[in-house]
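The data block below is model_39.cif; it holds mmCIF, C-alpha atoms.
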```cif
data_start
loop_
_atom_site.label_atom_id
_atom_site.label_comp_id
_atom_site.auth_asym_id
_atom_site.auth_seq_id
_atom_site.Cartn_x
_atom_site.Cartn_y
_atom_site.Cartn_z
CA MET A 18 123.16 99.75 122.84
CA ILE A 19 119.94 97.77 123.16
CA ILE A 20 117.07 99.10 125.21
CA GLU A 21 114.14 96.96 126.21
CA LYS A 22 111.01 98.72 127.39
CA ASN A 23 107.75 97.32 128.59
CA LEU A 24 105.19 99.71 127.23
CA LYS A 25 101.78 100.07 128.79
CA LYS A 26 98.70 101.52 127.16
CA ASN A 27 98.84 105.33 126.79
CA SER A 28 102.49 105.45 127.84
CA GLY A 29 105.06 107.27 125.74
CA LEU A 30 108.34 105.96 124.38
CA GLU A 31 111.12 108.28 125.30
CA LEU A 32 114.49 107.40 123.86
CA PRO A 33 117.58 108.49 125.78
CA LYS A 34 119.63 111.20 124.09
CA GLU A 35 122.71 108.99 124.47
CA LEU A 36 121.09 106.35 122.24
CA LEU A 37 120.10 108.88 119.60
CA LYS A 38 123.63 110.29 119.61
CA LYS A 39 125.18 106.84 119.28
CA ALA A 40 122.92 106.05 116.33
CA HIS A 41 123.67 109.48 114.81
CA LEU A 42 119.93 110.14 114.91
CA LEU A 43 119.98 113.73 116.05
CA GLY A 44 118.28 116.00 113.52
CA LYS A 45 115.53 115.20 111.04
CA VAL A 46 114.30 111.60 111.02
CA SER A 47 111.64 109.49 109.39
CA ILE A 48 109.72 107.00 111.55
CA ILE A 49 107.96 103.97 110.10
CA ILE A 50 105.73 102.03 112.47
CA GLU A 51 105.29 98.37 111.52
CA LYS A 52 103.27 95.76 113.38
CA ASN A 53 106.14 94.52 115.52
CA GLU A 54 108.86 97.07 114.92
CA ILE A 55 109.56 100.75 114.63
CA ILE A 56 112.06 101.89 112.01
CA ILE A 57 113.80 105.22 112.57
CA LYS A 58 115.76 106.48 109.58
CA LYS A 59 117.85 109.58 109.39
CA VAL A 60 116.83 111.93 106.58
CA SER A 61 119.49 111.91 103.87
CA LYS A 62 121.07 115.15 102.73
CA ARG A 63 122.69 113.59 99.66
CA SER A 64 121.88 115.72 96.66
CA VAL A 65 120.96 114.33 93.25
CA SER A 66 120.36 115.99 89.91
CA ILE A 67 116.66 115.47 89.22
CA ASP A 68 116.81 117.31 85.91
CA LYS A 69 118.62 114.44 84.20
CA ILE A 70 115.43 112.38 83.95
CA VAL A 71 113.31 115.22 82.56
CA GLY A 72 112.31 114.30 79.02
CA LEU A 73 113.69 110.76 79.25
CA GLY A 74 110.57 109.46 77.50
CA GLU A 75 110.39 112.18 74.87
CA GLY A 76 109.64 110.89 71.38
CA ILE A 77 108.96 107.38 72.74
CA PHE A 78 105.34 107.62 73.89
CA ASP A 79 102.40 109.14 72.05
CA LYS A 80 99.98 109.26 74.99
CA ASP A 81 99.86 111.29 78.19
CA SER A 82 101.06 109.95 81.55
CA VAL A 83 97.63 109.19 83.05
CA THR A 84 96.44 107.36 79.90
CA LEU A 85 99.64 105.28 79.88
CA GLN A 86 99.11 104.39 83.56
CA LYS A 87 95.44 103.51 83.05
CA GLU A 88 96.32 101.26 80.07
CA LEU A 89 98.97 99.43 82.11
CA ARG A 90 96.56 98.84 85.00
CA LYS A 91 93.85 97.59 82.62
CA GLU A 92 96.25 94.75 81.73
CA TRP A 93 95.61 93.25 85.20
CA LYS A 94 92.19 92.26 83.88
CA ARG A 95 93.57 90.19 80.99
CA MET B 25 114.09 114.68 116.87
CA GLU B 26 112.09 116.25 114.08
CA THR B 27 109.98 114.02 111.81
CA VAL B 28 109.23 114.62 108.15
CA LYS B 29 105.92 114.36 106.30
CA ARG B 30 105.48 111.32 104.11
CA VAL B 31 103.87 111.41 100.66
CA GLY B 32 102.91 108.51 98.40
CA ILE B 33 103.73 108.98 94.72
CA ASP B 34 101.79 107.39 91.89
CA THR B 35 103.43 106.11 88.69
CA ASN B 36 101.98 108.91 86.54
CA ILE B 37 103.96 111.55 88.46
CA PHE B 38 107.21 110.01 87.21
CA ILE B 39 105.86 109.40 83.69
CA GLY B 40 104.78 113.06 83.52
CA ILE B 41 108.38 114.07 84.25
CA PHE B 42 109.76 111.64 81.67
CA LEU B 43 107.34 113.09 79.10
CA GLU B 44 108.00 116.66 80.22
CA GLU B 45 104.27 117.30 80.40
CA LYS B 46 103.62 121.01 80.37
CA GLU B 47 101.34 121.59 83.35
CA LYS B 48 102.58 118.67 85.44
CA ILE B 49 106.34 118.95 85.24
CA GLU B 50 106.84 121.94 87.55
CA PRO B 51 104.82 120.74 90.57
CA SER B 52 106.02 117.15 90.11
CA LEU B 53 109.66 118.21 90.05
CA ALA B 54 109.05 120.46 93.06
CA ILE B 55 107.81 117.44 95.03
CA LEU B 56 110.84 115.34 94.04
CA LYS B 57 113.12 118.22 95.00
CA LEU B 58 111.46 118.50 98.44
CA ILE B 59 111.98 114.76 98.86
CA SER B 60 115.62 114.76 97.84
CA ASP B 61 116.22 117.79 100.09
CA GLY B 62 114.76 115.89 103.04
CA VAL B 63 111.77 118.18 103.54
CA LEU B 64 109.42 115.31 102.61
CA GLU B 65 109.78 111.56 102.51
CA GLY B 66 108.51 109.76 99.40
CA VAL B 67 106.77 106.39 99.27
CA VAL B 68 106.67 104.43 96.02
CA SER B 69 105.14 101.03 95.43
CA VAL B 70 107.35 98.48 93.72
CA ILE B 71 104.44 98.15 91.25
CA SER B 72 105.16 101.69 90.05
CA LEU B 73 108.75 100.70 89.26
CA ILE B 74 107.50 97.65 87.34
CA GLU B 75 105.03 99.81 85.40
CA ILE B 76 107.72 102.33 84.45
CA ALA B 77 110.11 99.57 83.34
CA ILE B 78 107.36 97.92 81.25
CA LEU B 79 106.52 101.19 79.50
CA PHE B 80 110.10 101.63 78.29
CA PHE B 81 110.67 97.93 77.60
CA GLN B 82 107.49 97.76 75.47
CA LYS B 83 109.08 100.36 73.23
CA ASN B 84 112.39 98.49 73.17
CA GLU B 85 114.04 101.26 75.19
CA MET B 86 115.81 98.96 77.66
CA GLN B 87 118.57 101.38 78.56
CA LYS B 88 116.19 104.26 79.26
CA GLY B 89 113.99 101.92 81.30
CA ARG B 90 116.98 100.88 83.39
CA LYS B 91 118.05 104.50 83.79
CA ALA B 92 114.58 105.52 84.99
CA ILE B 93 114.45 102.73 87.58
CA GLU B 94 117.99 103.32 88.80
CA PHE B 95 117.22 107.01 89.19
CA ILE B 96 114.12 106.42 91.33
CA LYS B 97 115.90 103.79 93.44
CA ALA B 98 118.79 106.17 94.04
CA LEU B 99 116.62 109.12 95.06
CA PRO B 100 117.38 110.05 98.67
CA ASN B 101 114.51 109.80 101.17
CA ILE B 102 112.36 107.54 98.97
CA THR B 103 111.05 104.28 100.43
CA ILE B 104 110.17 101.61 97.88
CA VAL B 105 107.51 99.34 99.31
CA ASP B 106 107.52 95.68 98.32
CA ILE B 107 104.30 93.69 98.23
CA THR B 108 104.33 91.33 101.18
CA SER B 109 101.90 88.79 102.57
CA ASP B 110 101.01 91.04 105.50
CA MET B 111 99.51 93.51 103.00
CA VAL B 112 97.06 91.01 101.49
CA LEU B 113 94.05 91.86 103.64
CA SER B 114 94.70 95.58 103.47
CA ILE B 115 94.88 95.49 99.64
CA ALA B 116 91.69 93.43 99.42
CA ASN B 117 89.95 95.79 101.82
CA THR B 118 91.11 98.87 99.90
CA LYS B 119 89.99 97.36 96.58
CA ILE B 120 86.47 96.69 97.89
CA SER B 121 85.87 99.68 100.18
CA GLU B 122 87.33 102.28 97.83
CA LYS B 123 85.94 100.67 94.65
CA LEU B 124 89.39 100.69 93.00
CA SER B 125 90.92 98.33 90.46
CA ILE B 126 93.26 95.69 91.92
CA ALA B 127 96.30 97.51 90.52
CA ASP B 128 95.23 100.87 91.98
CA ALA B 129 94.53 99.21 95.35
CA VAL B 130 97.97 97.57 95.42
CA VAL B 131 99.74 100.84 94.62
CA LEU B 132 97.69 102.81 97.15
CA SER B 133 98.22 100.22 99.89
CA ALA B 134 101.97 100.92 99.92
CA THR B 135 101.23 104.54 100.78
CA VAL B 136 98.68 103.58 103.43
CA LYS B 137 101.01 100.95 104.91
CA LEU B 138 103.63 103.56 105.68
CA SER B 139 101.03 105.93 107.20
CA SER B 140 101.66 108.61 104.60
CA ASP B 141 99.91 111.95 104.87
CA VAL B 142 98.77 112.03 101.28
CA PHE B 143 98.86 110.16 97.94
CA LEU B 144 99.94 112.30 95.00
CA THR B 145 98.44 111.43 91.62
CA TYR B 146 96.90 112.95 88.49
CA ASP B 147 94.66 109.91 88.04
CA ASP B 148 91.04 110.83 88.83
CA ASP B 149 90.24 107.19 89.67
CA PHE B 150 91.54 108.08 93.15
CA ALA B 151 89.32 111.15 93.54
CA LYS B 152 86.76 109.45 95.78
CA VAL B 153 89.19 107.57 98.02
CA LYS B 154 88.40 108.09 101.72
CA LYS B 155 91.21 106.10 103.37
CA ILE B 156 93.83 108.72 102.56
CA GLN B 157 93.78 112.12 100.93
CA CYS B 158 94.60 111.84 97.22
CA MET B 159 95.52 114.98 95.34
CA LYS B 160 97.58 116.52 92.57
CA PRO B 161 101.11 117.68 93.46
CA GLU B 162 100.20 121.36 92.83
CA ASP B 163 97.23 121.12 95.23
CA TYR B 164 99.44 119.59 97.91
CA LEU B 165 102.11 122.27 97.46
CA GLU B 166 99.48 125.01 97.69
CA LYS B 167 97.95 123.44 100.80
CA GLU B 168 101.33 123.20 102.53
CA LEU B 169 102.23 126.75 101.49
CA ARG B 170 98.97 128.04 103.00
CA LYS B 171 99.79 126.24 106.26
CA ASN B 172 103.19 127.89 106.61
#
```
Using the file provided, produce a representation of the structure as structure tokens.
Amino acid sequence: MIIEKNLKKNSGLELPKELLKKAHLLGKVSIIIEKNEIIIKKVSKRSVSIDKIVGLGEGIFDKDSVTLQKELRKEWKR
Amino acid sequence: METVKRVGIDTNIFIGIFLEEKEKIEPSLAILKLISDGVLEGVVSVISLIEIAILFFQKNEMQKGRKAIEFIKALPNITIVDITSDMVLSIANTKISEKLSIADAVVLSATVKLSSDVFLTYDDDFAKVKKIQCMKPEDYLEKELRKN
């Protein structure tokens, strides 16, 4: 389903429920407004195990996270 | 339709988790958990991914570098922002007006581009930024908790 709307200043964009249903967009969404487009993404409920990356850098680096970041960004000046 | 709040995440948040940094790990993990649960949406600049890969690659830890990048890319509700030509003026403007380094301006611009509510970082170089609120993960969590 494609909907074309001619929006005027201060007017709202109301999307028909039928469209939202068809796009499976009912529920929590994320909206990104670009210059010439609006991206509506459904929030994912896929679960991941975050714990598996905890300590991934252990024993590799001898500086703290902010120092490592600052050193990397200093390299832009080289 | 219910929209979610969007937060920008700086490179050091991920590095802090990789290093299991004592005071940073808990709030940083809490933010990632809120993102993967769909309570928040995360915004990460592609520069952050490059920085993380370089850190591991510099130490000859290719596999761990790949694992770190794959993990971030696979996180649900994270948007990775590429640098595009339509961001050029915004990055230049951010660099000058906020008195940031070019790298900091590029990373921050991804967050601003997606109209995020806040940029989460432990780097105090962002402390005086006016364009967007920059704060530590624990301060953001406390602020949101107070609101609810």
Fill in: Exercise: residues within 7 Å of coordinate (111.7, 108.1, 111.0), counting all atoms listed in the file, as an NGL selection string
(:A and (46-49 or 56-59)) or (:B and (27))
Item to complete: Run the PyMOL selection byres ((chain B and resi 138) around 10) against the file shown and list the residues it catches, as a PyMOL selection string.
Response: (chain A and resi 48-51) or (chain B and resi 30-32+67+103+105+133-137+139-141)
Discussion item. As a PyMOL selection string, please: the residues near B:Ala77 (cut-off 10 Å, all atoms listed in the file, same-chain neighbours under 6 positions excluded).
Written reply: chain B and resi 71+85-93
Discussion item. Please compute the atom CA of B:Ser69-atom CA of B:Glu94 distance, one decimal, in Å.
Written reply: 14.6 Å
Discussion item. Considering all atoms listed in the file, can you say which of A:Lys69, A:Ile55, A:Lys34, A:Lys45 comes closest to chain B?
Written reply: A:Lys45
Item to complete: Spell out the residues picked by the PyMOL selection byres ((chain A) within 10 of (chain B)) here, as a ChimeraX atom specification.
Response: /A:34,37,42-52,57-87,89-94
Discussion item. Rounded to one decimal, what separation in Å do you get between atom CA of B:Val70 and atom CA of B:Leu132?
Written reply: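 Taking atom CA of B:Val70 as the start and atom CA of B:Leu132 as the end point, the length is 11.1 Å.
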Worksheet item: Any idea what the distance is between atom CA of B:Thr118 and atom CA of B:Leu165?
Response: 26.0 Å
Discussion item. Let me make sure I understand: among B:Val68, B:Val130, B:Ile33, B:Met159, which one has the smallest atom-to-atom distance to B:Ile107 if we use only C-alpha atoms?
Written reply: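 Using only C-alpha atoms, the shortest distance to B:Ile107 belongs to B:Val130.
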Discussion item. Counting all atoms listed in the file, which residue out of B:Met111, B:Ile55, B:Ile120, B:Cys158 sits closest to B:Val142?
Written reply: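 Residue with the minimum atom-to-atom distance to B:Val142: B:Cys158.
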